[in-house]
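Printed here is protein33.txt (compact mmCIF, C-alpha atoms and all ligand atoms):
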```
# COMPACT_ATOMS: atom_id res chain seq x y z
CA MET S 1021 -21.38 -3.14 7.60
CA LYS S 1022 -19.75 -5.05 10.50
CA SER S 1023 -15.98 -4.73 10.76
CA ILE S 1024 -13.23 -5.84 13.11
CA LYS S 1025 -10.54 -3.33 13.95
CA MET S 1026 -7.42 -3.53 16.11
CA SER S 1027 -7.56 -0.42 18.24
CA PHE S 1028 -5.57 1.25 21.02
CA ASP S 1029 -6.76 3.93 23.43
CA ARG S 1030 -3.38 4.75 25.03
CA PHE S 1031 0.19 4.74 23.73
CA GLY S 1032 2.35 1.85 24.83
CA SER S 1033 3.73 -1.57 23.99
CA PRO S 1034 2.00 -3.77 21.36
CA GLY S 1035 -0.22 -5.25 24.10
CA VAL S 1036 -2.34 -2.08 24.20
CA VAL S 1037 -3.81 -3.04 20.81
CA ALA S 1038 -7.12 -4.91 21.22
CA VAL S 1039 -9.94 -6.27 19.07
CA VAL S 1040 -12.94 -3.97 18.66
CA GLU S 1041 -16.07 -4.69 16.62
CA GLU S 1042 -17.46 -1.72 14.79
CA GLU S 1043 -20.46 -0.88 12.65
CA LEU S 1044 -18.85 0.76 9.65
CA PRO S 1045 -20.89 3.48 7.91
CA PRO S 1046 -21.06 3.56 4.10
CA PRO S 1047 -18.06 5.27 2.50
CA GLY S 1048 -18.25 9.07 2.68
CA GLU S 1049 -17.48 11.62 0.02
CA ARG S 1050 -14.35 10.69 -1.94
CA GLU S 1051 -14.02 7.46 0.10
CA VAL S 1052 -13.94 3.85 -0.99
CA GLN S 1053 -14.97 0.85 1.11
CA LEU S 1054 -12.54 -2.04 0.99
CA ASP S 1055 -12.91 -5.69 1.89
CA VAL S 1056 -9.37 -5.96 3.26
CA ARG S 1057 -7.66 -9.20 2.18
CA ALA S 1058 -4.12 -8.69 3.51
CA ILE S 1059 -2.30 -6.15 5.69
CA ALA S 1060 1.49 -5.78 5.91
CA VAL S 1061 3.02 -5.03 9.31
CA ASN S 1062 5.60 -2.23 9.29
CA PRO S 1063 7.93 -0.83 11.98
CA MET S 1064 5.93 2.37 11.59
CA ASP S 1065 2.94 0.56 13.13
CA TRP S 1066 4.56 -0.24 16.49
CA LYS S 1067 6.22 3.19 16.52
CA LEU S 1068 2.76 4.74 16.09
CA VAL S 1069 1.33 2.59 18.91
CA ALA S 1070 4.26 3.56 21.15
CA GLY S 1071 3.52 7.26 20.55
CA TYR S 1072 6.93 7.89 18.95
CA LEU S 1073 5.36 9.41 15.85
CA GLU S 1074 3.16 11.92 17.70
CA PRO S 1075 5.39 14.87 16.73
CA TYR S 1076 4.96 14.00 13.04
CA TYR S 1077 1.50 12.39 12.87
CA PRO S 1078 -0.58 13.49 15.87
CA LEU S 1079 -3.41 11.00 16.28
CA PRO S 1080 -6.64 11.35 18.26
CA LEU S 1081 -7.18 8.24 20.41
CA PRO S 1082 -8.56 5.64 20.14
CA ALA S 1083 -6.65 4.90 16.95
CA VAL S 1084 -5.96 1.96 14.65
CA PRO S 1085 -2.42 1.19 13.40
CA GLY S 1086 -1.65 -0.04 9.90
CA CYS S 1087 -0.25 1.87 6.94
CA GLU S 1088 -0.67 -0.52 4.01
CA ALA S 1089 -3.10 -3.18 2.85
CA ALA S 1090 -4.69 -4.69 -0.23
CA GLY S 1091 -8.28 -5.63 -0.90
CA THR S 1092 -11.38 -5.44 -3.05
CA VAL S 1093 -13.64 -2.40 -3.45
CA THR S 1094 -17.12 -3.15 -2.09
CA ALA S 1095 -18.67 0.35 -2.27
CA VAL S 1096 -17.71 3.83 -3.40
CA GLY S 1097 -18.74 7.19 -1.95
CA SER S 1098 -19.81 10.25 -3.88
CA GLY S 1099 -17.18 11.96 -5.98
CA VAL S 1100 -15.23 8.76 -6.68
CA SER S 1101 -14.81 7.91 -10.33
CA ALA S 1102 -11.36 6.30 -10.39
CA TYR S 1103 -12.43 3.02 -8.72
CA GLY S 1104 -15.44 0.76 -9.04
CA VAL S 1105 -16.99 -2.08 -7.03
CA GLY S 1106 -15.04 -5.32 -7.50
CA GLU S 1107 -11.78 -3.59 -8.33
CA GLU S 1108 -8.66 -4.86 -6.54
CA VAL S 1109 -6.52 -2.14 -5.00
CA ILE S 1110 -3.56 -1.35 -2.76
CA TRP S 1111 -4.07 1.12 0.09
CA ASN S 1112 -1.26 3.19 1.61
CA GLY S 1113 -1.75 5.71 4.41
CA VAL S 1114 -0.42 6.51 7.86
CA ALA S 1115 -2.83 4.70 10.19
CA GLY S 1116 -6.14 2.86 10.17
CA GLY S 1117 -5.22 -0.25 8.20
CA TYR S 1118 -5.69 -2.99 10.83
CA ARG S 1119 -9.34 -3.56 9.85
CA SER S 1120 -11.33 -6.29 8.13
CA VAL S 1121 -13.43 -3.72 6.25
CA ALA S 1122 -12.36 -0.08 5.93
CA ASN S 1123 -13.35 3.24 4.41
CA PHE S 1124 -10.26 4.81 2.90
CA PRO S 1125 -9.80 8.08 0.98
CA ALA S 1126 -9.80 7.22 -2.72
CA ASP S 1127 -6.62 9.24 -3.24
CA GLN S 1128 -4.73 6.77 -1.00
CA LEU S 1129 -5.43 3.87 -3.37
CA THR S 1130 -3.46 2.40 -6.26
CA SER S 1131 -4.80 -0.21 -8.68
CA LYS S 1132 -3.44 -3.68 -7.96
CA PRO S 1133 -1.86 -5.36 -10.99
CA ALA S 1134 -3.95 -8.42 -11.89
CA GLY S 1135 -1.05 -10.86 -11.61
CA LEU S 1136 -0.11 -9.82 -8.09
CA ASP S 1137 -1.66 -11.72 -5.17
CA PHE S 1138 -3.16 -9.81 -2.25
CA GLU S 1139 -0.41 -10.82 0.17
CA GLN S 1140 2.40 -9.47 -2.01
CA ALA S 1141 0.30 -6.45 -2.99
CA ALA S 1142 -0.10 -5.56 0.69
CA CYS S 1143 3.70 -5.38 1.06
CA VAL S 1144 4.73 -3.25 -1.91
CA ALA S 1145 3.67 0.27 -0.93
CA ILE S 1146 5.91 1.10 2.04
CA ALA S 1147 8.96 -1.14 1.66
CA GLY S 1148 8.79 -1.37 -2.14
CA GLY S 1149 8.02 2.33 -2.51
CA ALA S 1150 10.82 3.41 -0.15
CA ALA S 1151 13.34 1.03 -1.72
CA TYR S 1152 12.42 2.08 -5.23
CA SER S 1153 12.72 5.76 -4.26
CA ALA S 1154 16.09 5.19 -2.56
CA VAL S 1155 17.58 3.31 -5.49
CA VAL S 1156 16.33 5.95 -7.97
CA GLN S 1157 17.65 8.73 -5.70
CA LEU S 1158 21.08 7.09 -5.77
CA GLY S 1159 20.95 6.73 -9.54
CA VAL S 1160 22.00 3.08 -9.29
CA ARG S 1161 23.23 1.62 -12.58
CA PRO S 1162 25.37 -1.24 -13.91
CA GLY S 1163 28.91 -1.05 -12.56
CA ASP S 1164 27.77 0.20 -9.14
CA THR S 1165 28.41 -1.74 -5.98
CA VAL S 1166 25.63 -0.95 -3.53
CA LEU S 1167 25.86 -1.68 0.18
CA VAL S 1168 22.45 -2.27 1.78
CA HIS S 1169 22.40 -2.06 5.58
CA GLY S 1170 19.55 -4.25 6.87
CA ALA S 1171 19.28 -6.24 3.66
CA ALA S 1172 16.99 -8.96 5.06
CA GLY S 1173 14.25 -6.55 6.17
CA GLY S 1174 11.35 -5.21 4.15
CA VAL S 1175 13.04 -2.12 2.70
CA GLY S 1176 16.44 -3.80 2.58
CA SER S 1177 15.33 -6.91 0.70
CA ALA S 1178 13.39 -4.74 -1.76
CA SER S 1179 16.45 -2.48 -2.25
CA VAL S 1180 18.62 -5.51 -2.95
CA GLN S 1181 16.23 -6.82 -5.60
CA ILE S 1182 15.69 -3.45 -7.31
CA ALA S 1183 19.41 -2.60 -7.37
CA ARG S 1184 20.21 -6.08 -8.74
CA ASP S 1185 17.56 -5.65 -11.42
CA LEU S 1186 19.29 -2.41 -12.46
CA GLY S 1187 22.53 -4.35 -12.92
CA ALA S 1188 24.37 -3.39 -9.75
CA ARG S 1189 26.46 -5.63 -7.55
CA VAL S 1190 24.94 -5.67 -4.05
CA ILE S 1191 26.50 -6.36 -0.68
CA GLY S 1192 23.95 -6.73 2.10
CA THR S 1193 24.31 -6.76 5.87
CA ALA S 1194 22.36 -9.28 7.96
CA SER S 1195 22.86 -11.77 10.76
CA GLU S 1196 24.24 -15.18 9.78
CA PRO S 1197 20.84 -16.98 9.64
CA ASN S 1198 19.80 -14.59 6.85
CA HIS S 1199 22.89 -15.03 4.67
CA GLU S 1200 21.51 -17.83 2.53
CA TYR S 1201 18.34 -15.79 2.03
CA LEU S 1202 20.42 -12.82 0.83
CA ARG S 1203 22.38 -15.02 -1.56
CA GLY S 1204 19.05 -16.13 -2.99
CA LEU S 1205 18.21 -12.47 -3.69
CA GLY S 1206 21.52 -12.03 -5.52
CA ALA S 1207 23.35 -10.14 -2.75
CA GLU S 1208 26.68 -10.95 -1.14
CA PRO S 1209 25.97 -11.21 2.59
CA VAL S 1210 28.12 -9.68 5.32
CA ALA S 1211 27.53 -9.94 9.06
CA TYR S 1212 26.96 -6.62 10.82
CA GLY S 1213 28.67 -5.69 14.10
CA ASP S 1214 32.36 -5.21 15.01
CA GLY S 1215 34.60 -5.34 11.95
CA LEU S 1216 31.84 -4.60 9.43
CA GLU S 1217 33.89 -1.96 7.65
CA GLU S 1218 36.82 -4.35 7.10
CA ARG S 1219 34.56 -7.20 6.01
CA VAL S 1220 32.93 -5.01 3.36
CA ARG S 1221 36.30 -3.57 2.24
CA SER S 1222 37.59 -7.09 1.67
CA LEU S 1223 34.86 -7.52 -0.97
CA GLY S 1224 35.72 -4.35 -2.91
CA SER S 1225 34.81 -0.65 -3.22
CA ILE S 1226 31.32 0.63 -2.53
CA THR S 1227 29.78 3.26 -4.81
CA ALA S 1228 26.40 3.73 -3.07
CA VAL S 1229 24.69 2.88 0.23
CA VAL S 1230 21.08 2.29 1.24
CA ASP S 1231 20.81 2.46 5.03
CA THR S 1232 17.65 0.93 6.51
CA VAL S 1233 19.15 0.52 10.01
CA GLY S 1234 20.49 3.92 11.08
CA GLY S 1235 22.40 4.78 14.22
CA GLU S 1236 25.99 5.48 15.09
CA GLU S 1237 27.76 2.31 13.99
CA THR S 1238 26.01 1.96 10.65
CA THR S 1239 26.48 5.64 9.80
CA ALA S 1240 30.18 5.53 10.69
CA VAL S 1241 30.70 2.50 8.43
CA THR S 1242 28.85 4.20 5.57
CA VAL S 1243 30.99 7.33 5.84
CA ALA S 1244 34.23 5.37 6.11
CA LEU S 1245 33.45 3.11 3.14
CA LEU S 1246 32.31 5.88 0.81
CA GLY S 1247 35.18 8.15 1.87
CA GLY S 1248 33.61 11.11 0.13
CA HIS S 1249 32.98 9.15 -3.08
CA GLY S 1250 29.50 7.92 -3.94
CA ALA S 1251 26.20 8.66 -2.28
CA ALA S 1252 24.14 7.31 0.58
CA VAL S 1253 20.43 7.43 1.35
CA THR S 1254 18.80 6.51 4.64
CA THR S 1255 15.24 5.51 5.51
CA VAL S 1256 16.06 6.06 9.20
CA PRO S 1257 17.24 9.65 9.48
CA GLY S 1258 18.62 10.77 12.82
CA LYS S 1259 21.24 12.95 14.37
CA GLU S 1260 24.09 10.72 13.16
CA SER S 1261 22.98 10.64 9.51
CA ASN S 1262 22.21 14.37 9.59
CA ALA S 1263 25.66 15.15 10.99
CA ALA S 1264 27.23 12.96 8.30
CA GLY S 1265 25.23 14.68 5.53
CA ILE S 1266 23.49 11.44 4.52
CA ALA S 1267 20.33 12.19 2.56
CA GLN S 1268 16.93 11.05 3.78
CA VAL S 1269 14.99 9.05 1.21
CA GLN S 1270 12.72 11.28 -0.88
CA LEU S 1271 9.59 9.28 -1.58
CA LEU S 1272 8.65 9.50 -5.26
CA ASP S 1273 5.15 10.19 -6.50
CA GLY S 1274 3.91 7.07 -8.25
CA ARG S 1275 6.26 4.83 -6.24
CA VAL S 1276 3.48 2.46 -5.17
CA ALA S 1277 2.42 1.78 -8.76
CA ASP S 1278 6.06 1.45 -9.81
CA ALA S 1279 6.84 -1.01 -7.02
CA ALA S 1280 3.64 -2.95 -7.72
CA ARG S 1281 4.62 -3.23 -11.38
CA LEU S 1282 8.05 -4.57 -10.43
CA ALA S 1283 6.36 -7.12 -8.17
CA ALA S 1284 3.87 -8.12 -10.86
CA ASP S 1285 6.79 -8.54 -13.30
CA GLY S 1286 8.49 -10.91 -10.84
CA LYS S 1287 11.35 -8.50 -10.11
CA LEU S 1288 10.35 -7.83 -6.49
CA ARG S 1289 9.09 -10.40 -4.04
CA PHE S 1290 8.66 -10.18 -0.28
CA ASN S 1291 9.49 -13.11 1.93
CA ILE S 1292 6.51 -13.66 4.21
CA HIS S 1293 8.13 -14.07 7.62
CA GLU S 1294 4.84 -15.02 9.24
CA ARG S 1295 1.15 -15.04 8.37
CA LEU S 1296 -1.08 -14.19 11.29
CA PRO S 1297 -4.79 -13.50 11.77
CA LEU S 1298 -5.65 -9.80 12.15
CA THR S 1299 -6.64 -10.49 15.75
CA ASP S 1300 -2.99 -11.45 16.48
CA ALA S 1301 -1.85 -7.92 15.62
CA ALA S 1302 -0.25 -7.39 19.04
CA ARG S 1303 1.99 -10.42 18.49
CA ALA S 1304 2.87 -9.21 15.00
CA LEU S 1305 3.77 -5.75 16.32
CA GLY S 1306 5.97 -7.33 18.99
CA LEU S 1307 7.83 -9.36 16.38
CA SER S 1308 8.35 -6.28 14.23
CA ARG S 1309 9.57 -4.29 17.21
CA ALA S 1310 12.11 -7.03 18.05
CA GLY S 1311 13.77 -6.10 14.73
CA HIS S 1312 14.49 -9.44 13.05
CA VAL S 1313 11.69 -9.93 10.58
CA ARG S 1314 12.84 -11.40 7.26
CA GLY S 1315 10.75 -9.58 4.68
CA ARG S 1316 7.29 -8.87 6.01
CA ILE S 1317 4.66 -10.15 8.43
CA VAL S 1318 1.21 -10.26 6.90
CA LEU S 1319 -2.10 -10.11 8.80
CA THR S 1320 -5.27 -11.56 7.30
CA PRO S 1321 -8.74 -10.57 8.46
N1 LIG J 1401 11.24 7.05 5.52
C1 LIG J 1401 10.43 6.15 4.97
O1 LIG J 1401 9.66 6.46 4.10
C2 LIG J 1401 10.49 4.74 5.44
C3 LIG J 1401 9.82 3.75 4.73
C4 LIG J 1401 9.91 2.44 5.17
C5 LIG J 1401 10.63 2.16 6.32
N2 LIG J 1401 11.23 3.14 7.00
C6 LIG J 1401 12.04 2.83 8.20
O2 LIG J 1401 13.16 2.08 7.74
C7 LIG J 1401 13.54 1.13 8.74
C8 LIG J 1401 13.60 -0.26 8.12
O3 LIG J 1401 12.29 -0.64 7.77
P1 LIG J 1401 11.96 -2.14 7.39
O4 LIG J 1401 10.52 -2.20 7.14
O5 LIG J 1401 12.91 -2.62 6.36
O6 LIG J 1401 12.30 -2.86 8.77
P2 LIG J 1401 12.24 -4.40 9.10
O7 LIG J 1401 11.71 -5.14 7.93
O8 LIG J 1401 11.53 -4.57 10.39
O9 LIG J 1401 13.79 -4.75 9.32
C9 LIG J 1401 14.11 -5.93 9.95
C10 LIG J 1401 15.49 -6.36 9.50
O10 LIG J 1401 16.50 -5.54 10.09
C11 LIG J 1401 17.66 -6.32 10.19
N3 LIG J 1401 18.57 -5.74 11.17
C12 LIG J 1401 18.33 -5.46 12.47
N4 LIG J 1401 19.42 -4.86 13.02
C13 LIG J 1401 20.36 -4.77 12.04
C14 LIG J 1401 21.68 -4.24 11.97
N5 LIG J 1401 22.28 -3.68 13.02
N6 LIG J 1401 22.33 -4.31 10.79
C15 LIG J 1401 21.76 -4.86 9.71
N7 LIG J 1401 20.50 -5.40 9.71
C16 LIG J 1401 19.82 -5.33 10.86
C17 LIG J 1401 17.17 -7.67 10.58
O11 LIG J 1401 18.08 -8.64 10.08
P3 LIG J 1401 18.66 -9.75 11.07
O12 LIG J 1401 17.47 -10.53 11.56
O13 LIG J 1401 19.57 -10.53 10.20
O14 LIG J 1401 19.32 -9.01 12.20
C18 LIG J 1401 15.80 -7.77 9.91
O15 LIG J 1401 15.81 -8.55 8.76
C19 LIG J 1401 12.53 1.27 9.88
O16 LIG J 1401 13.05 2.11 10.87
C20 LIG J 1401 11.33 1.95 9.20
O17 LIG J 1401 10.53 2.66 10.10
C21 LIG J 1401 11.18 4.43 6.60
```

So, in terms of structure tokens, how does the structure I just supplied come out?
Ligand SMILES: NC(=O)c1ccc[n+]([C@@H]2O[C@H](COP(=O)([O-])OP(=O)(O)OC[C@H]3O[C@@H](n4cnc5c(N)ncnc54)[C@H](OP(=O)(O)O)[C@@H]3O)[C@@H](O)[C@H]2O)c1
Amino acid sequence: MKSIKMSFDRFGSPGVVAVVEEELPPPGEREVQLDVRAIAVNPMDWKLVAGYLEPYYPLPLPAVPGCEAAGTVTAVGSGVSAYGVGEEVIWNGVAGGYRSVANFPADQLTSKPAGLDFEQAACVAIAGGAAYSAVVQLGVRPGDTVLVHGAAGGVGSASVQIARDLGARVIGTASEPNHEYLRGLGAEPVAYGDGLEERVRSLGSITAVVDTVGGEETTAVTVALLGGHGAAVTTVPGKESNAAGIAQVQLLDGRVADAARLAADGKLRFNIHERLPLTDAARALGLSRAGHVRGRIVLTP
């Protein structure tokens, strides 16, 4: 089976990722072959290409970035009974997703709800799964006011929607051009940067925080606003959040299916910032690295 993959043989900037044609073998034991229909681009992908994740996920080179995709099963290897040819699935792993056809371990797949299109399905696993886990970890419920740092991004926009669905009031930080978008999601937008703490205070008390940005300024604002009351969860742990005792998100088992169900029920939708061909992966990674994607970039083989 001929496949196109976006591969890199040295760590570096997004430009090190190049098109490679491969002859894909049939799926091995406990593997499933997927005709990949859509791939979501995550910050994890450019961090992987840069080599920043080597301490956590050491990768032999050459390697292929990509941690989530959706597609149709075209073949199954021995020992696979959970999925059959023609079934539509979501894949979620660490690397290897920037491919037109791929052999993935069957235990990295989740059935795609029938009503969910491939593009949205490709986006739910990482951002939807992390947001769902964060909101559950915080125990968000009606009466809460949740501050979401980075509310226009993948995890942030999903956190806004899930917290709103649970009946919470949500205040979200974003740059001015994203404020109308946040209002459309049901959040009250606030510009980040100098004076953030005062701007949020002027809107009322915060009972919980989802931090998808991290760093000194954001952490300091979180601590000041909660003042020892309420809880915070971060998807970007670092020395500042550790020192402040802010919990890292604990990813829930079953989060991909849960997020996919929310999306299929119309409660979670990702803005598609840009649709690009798979072969434009380097451009997509560069956009993600620049840090101002609204929702998700999707690659199509
Ligand atoms: N631990 C986990 O399991 C897990 C899972 C998923 C993601 N993550 C991590 O969580 C982080 C967020 O992921 P993501 O996919 O949501 O990223 P993303 O979609 O690339 O986030 C982009 C968004 O960040 C916003 N932004 C940039 N600087 C900001 C600031 N100082 N304050 C507020 N918003 C700001 C941008 O809004 P503007 O354009 O308005 O500036 C943009 O909409 C990444 O570091 C990712 O690696 C961790």

Selection near Pro1045 of chain S, 12 Å with all atoms listed in the file, sequence-local residues under 4 positions removed, as a count of residues only: 14

Residues at most 8 Å from ligand LIG 1401 (chain J), using all atoms listed in the file? Could they come as number ranges by chain? S: 1062-1064, 1067, 1146-1147, 1149-1151, 1169-1177, 1193-1199, 1211-1213, 1232-1234, 1238, 1254-1257, 1268-1271, 1308-1309, 1311-1316

Residues within 10 Å of Phe1031 of chain S, please, as a ChimeraX atom specification. Count only C-alpha atoms; anything in the same chain fewer than 6 positions from it doesn't count. /S:1037,1066-1072,1074,1081-1083

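Between atom CA of Thr1165 of chain S and atom CA of Asp1214 of chain S lies a distance of 21.6 Å.
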
If you take every atom of segment 1231-1236 of chain S that the file lists and fit an axis-aligned box around them with 3 Å extra on each side, what centre and edge lengths come out in Å to one decimal, as lines of an AutoDock Vina configuration file?
```
center_x = 21.8
center_y = 3.0
center_z = 10.1
size_x = 14.3
size_y = 11.0
size_z = 16.1
```

Hey, can you check how far atom CA of Val1109 of chain S sits from atom CA of Leu1305 of chain S? 23.9 Å

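With distances restricted to only C-alpha atoms, S:Pro1085 is the closest residue to Ala1038 of chain S from S:Pro1085, S:Gly1113, S:Gly1224, S:Gly1163.
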
Find the spatial neighbours of Leu1288 of chain S, counting all atoms listed in the file, within a cut-off of 7 Å - ignore same-chain residues fewer than 2 positions away - and output them as a ChimeraX atom specification. /S:1178,1181-1182,1282-1283,1286,1290

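The coordinates place atom CA of Val1040 of chain S at 13.5 Å from atom CA of Gly1117 of chain S.
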
Pick from S:Leu1272, S:Leu1307, S:Ala1279, S:Ile1024, whichever lies nearest to Asp1055 of chain S using all atoms listed in the file: S:Ile1024

Using the atoms already present, construct N, CA and C atoms for segment 1152-1175 of chain S and hand them back as a PDB file, keeping the file's coordinate frame.
```pdb
ATOM      1  N   TYR S1152      12.384   1.575  -3.858  1.00  0.00           N
ATOM      2  CA  TYR S1152      12.420   2.080  -5.230  1.00  0.00           C
ATOM      3  C   TYR S1152      12.898   3.542  -5.240  1.00  0.00           C
ATOM      4  N   SER S1153      12.344   4.351  -4.339  1.00  0.00           N
ATOM      5  CA  SER S1153      12.720   5.760  -4.260  1.00  0.00           C
ATOM      6  C   SER S1153      14.205   5.903  -3.921  1.00  0.00           C
ATOM      7  N   ALA S1154      14.683   5.096  -2.980  1.00  0.00           N
ATOM      8  CA  ALA S1154      16.090   5.190  -2.560  1.00  0.00           C
ATOM      9  C   ALA S1154      17.032   4.837  -3.703  1.00  0.00           C
ATOM     10  N   VAL S1155      16.702   3.771  -4.405  1.00  0.00           N
ATOM     11  CA  VAL S1155      17.580   3.310  -5.490  1.00  0.00           C
ATOM     12  C   VAL S1155      17.579   4.326  -6.644  1.00  0.00           C
ATOM     13  N   VAL S1156      16.410   4.907  -6.927  1.00  0.00           N
ATOM     14  CA  VAL S1156      16.330   5.950  -7.970  1.00  0.00           C
ATOM     15  C   VAL S1156      17.115   7.182  -7.521  1.00  0.00           C
ATOM     16  N   GLN S1157      16.949   7.556  -6.240  1.00  0.00           N
ATOM     17  CA  GLN S1157      17.650   8.730  -5.700  1.00  0.00           C
ATOM     18  C   GLN S1157      19.168   8.580  -5.835  1.00  0.00           C
ATOM     19  N   LEU S1158      19.641   7.358  -5.666  1.00  0.00           N
ATOM     20  CA  LEU S1158      21.080   7.090  -5.770  1.00  0.00           C
ATOM     21  C   LEU S1158      21.538   6.977  -7.218  1.00  0.00           C
ATOM     22  N   GLY S1159      20.591   6.876  -8.125  1.00  0.00           N
ATOM     23  CA  GLY S1159      20.950   6.730  -9.540  1.00  0.00           C
ATOM     24  C   GLY S1159      21.700   5.439  -9.811  1.00  0.00           C
ATOM     25  N   VAL S1160      21.285   4.367  -9.162  1.00  0.00           N
ATOM     26  CA  VAL S1160      22.000   3.080  -9.290  1.00  0.00           C
ATOM     27  C   VAL S1160      21.978   2.586 -10.739  1.00  0.00           C
ATOM     28  N   ARG S1161      23.129   2.118 -11.194  1.00  0.00           N
ATOM     29  CA  ARG S1161      23.230   1.620 -12.580  1.00  0.00           C
ATOM     30  C   ARG S1161      24.279   0.515 -12.645  1.00  0.00           C
ATOM     31  N   PRO S1162      24.375  -0.166 -13.776  1.00  0.00           N
ATOM     32  CA  PRO S1162      25.370  -1.240 -13.910  1.00  0.00           C
ATOM     33  C   PRO S1162      26.761  -0.699 -13.605  1.00  0.00           C
ATOM     34  N   GLY S1163      27.563  -1.491 -12.938  1.00  0.00           N
ATOM     35  CA  GLY S1163      28.910  -1.050 -12.560  1.00  0.00           C
ATOM     36  C   GLY S1163      28.974  -0.570 -11.119  1.00  0.00           C
ATOM     37  N   ASP S1164      27.800  -0.213 -10.547  1.00  0.00           N
ATOM     38  CA  ASP S1164      27.770   0.200  -9.140  1.00  0.00           C
ATOM     39  C   ASP S1164      27.898  -1.008  -8.224  1.00  0.00           C
ATOM     40  N   THR S1165      28.472  -0.757  -7.064  1.00  0.00           N
ATOM     41  CA  THR S1165      28.410  -1.740  -5.980  1.00  0.00           C
ATOM     42  C   THR S1165      27.676  -1.070  -4.833  1.00  0.00           C
ATOM     43  N   VAL S1166      26.500  -1.575  -4.529  1.00  0.00           N
ATOM     44  CA  VAL S1166      25.630  -0.950  -3.530  1.00  0.00           C
ATOM     45  C   VAL S1166      25.686  -1.746  -2.232  1.00  0.00           C
ATOM     46  N   LEU S1167      25.943  -1.045  -1.145  1.00  0.00           N
ATOM     47  CA  LEU S1167      25.860  -1.680   0.180  1.00  0.00           C
ATOM     48  C   LEU S1167      24.476  -1.391   0.745  1.00  0.00           C
ATOM     49  N   VAL S1168      23.767  -2.444   1.152  1.00  0.00           N
ATOM     50  CA  VAL S1168      22.450  -2.270   1.780  1.00  0.00           C
ATOM     51  C   VAL S1168      22.557  -2.698   3.243  1.00  0.00           C
ATOM     52  N   HIS S1169      22.430  -1.743   4.139  1.00  0.00           N
ATOM     53  CA  HIS S1169      22.400  -2.060   5.580  1.00  0.00           C
ATOM     54  C   HIS S1169      20.974  -2.545   5.904  1.00  0.00           C
ATOM     55  N   GLY S1170      20.876  -3.716   6.525  1.00  0.00           N
ATOM     56  CA  GLY S1170      19.550  -4.250   6.870  1.00  0.00           C
ATOM     57  C   GLY S1170      18.910  -4.942   5.682  1.00  0.00           C
ATOM     58  N   ALA S1171      19.719  -5.696   4.944  1.00  0.00           N
ATOM     59  CA  ALA S1171      19.280  -6.240   3.660  1.00  0.00           C
ATOM     60  C   ALA S1171      18.197  -7.324   3.763  1.00  0.00           C
ATOM     61  N   ALA S1172      18.002  -7.894   4.942  1.00  0.00           N
ATOM     62  CA  ALA S1172      16.990  -8.960   5.060  1.00  0.00           C
ATOM     63  C   ALA S1172      15.611  -8.410   5.440  1.00  0.00           C
ATOM     64  N   GLY S1173      15.537  -7.124   5.767  1.00  0.00           N
ATOM     65  CA  GLY S1173      14.250  -6.550   6.170  1.00  0.00           C
ATOM     66  C   GLY S1173      13.392  -6.193   4.965  1.00  0.00           C
ATOM     67  N   GLY S1174      12.275  -5.565   5.235  1.00  0.00           N
ATOM     68  CA  GLY S1174      11.350  -5.210   4.150  1.00  0.00           C
ATOM     69  C   GLY S1174      11.972  -4.268   3.146  1.00  0.00           C
ATOM     70  N   VAL S1175      12.453  -3.119   3.617  1.00  0.00           N
ATOM     71  CA  VAL S1175      13.040  -2.120   2.700  1.00  0.00           C
ATOM     72  C   VAL S1175      14.361  -2.655   2.150  1.00  0.00           C
TER      73      VAL S1175
END
```
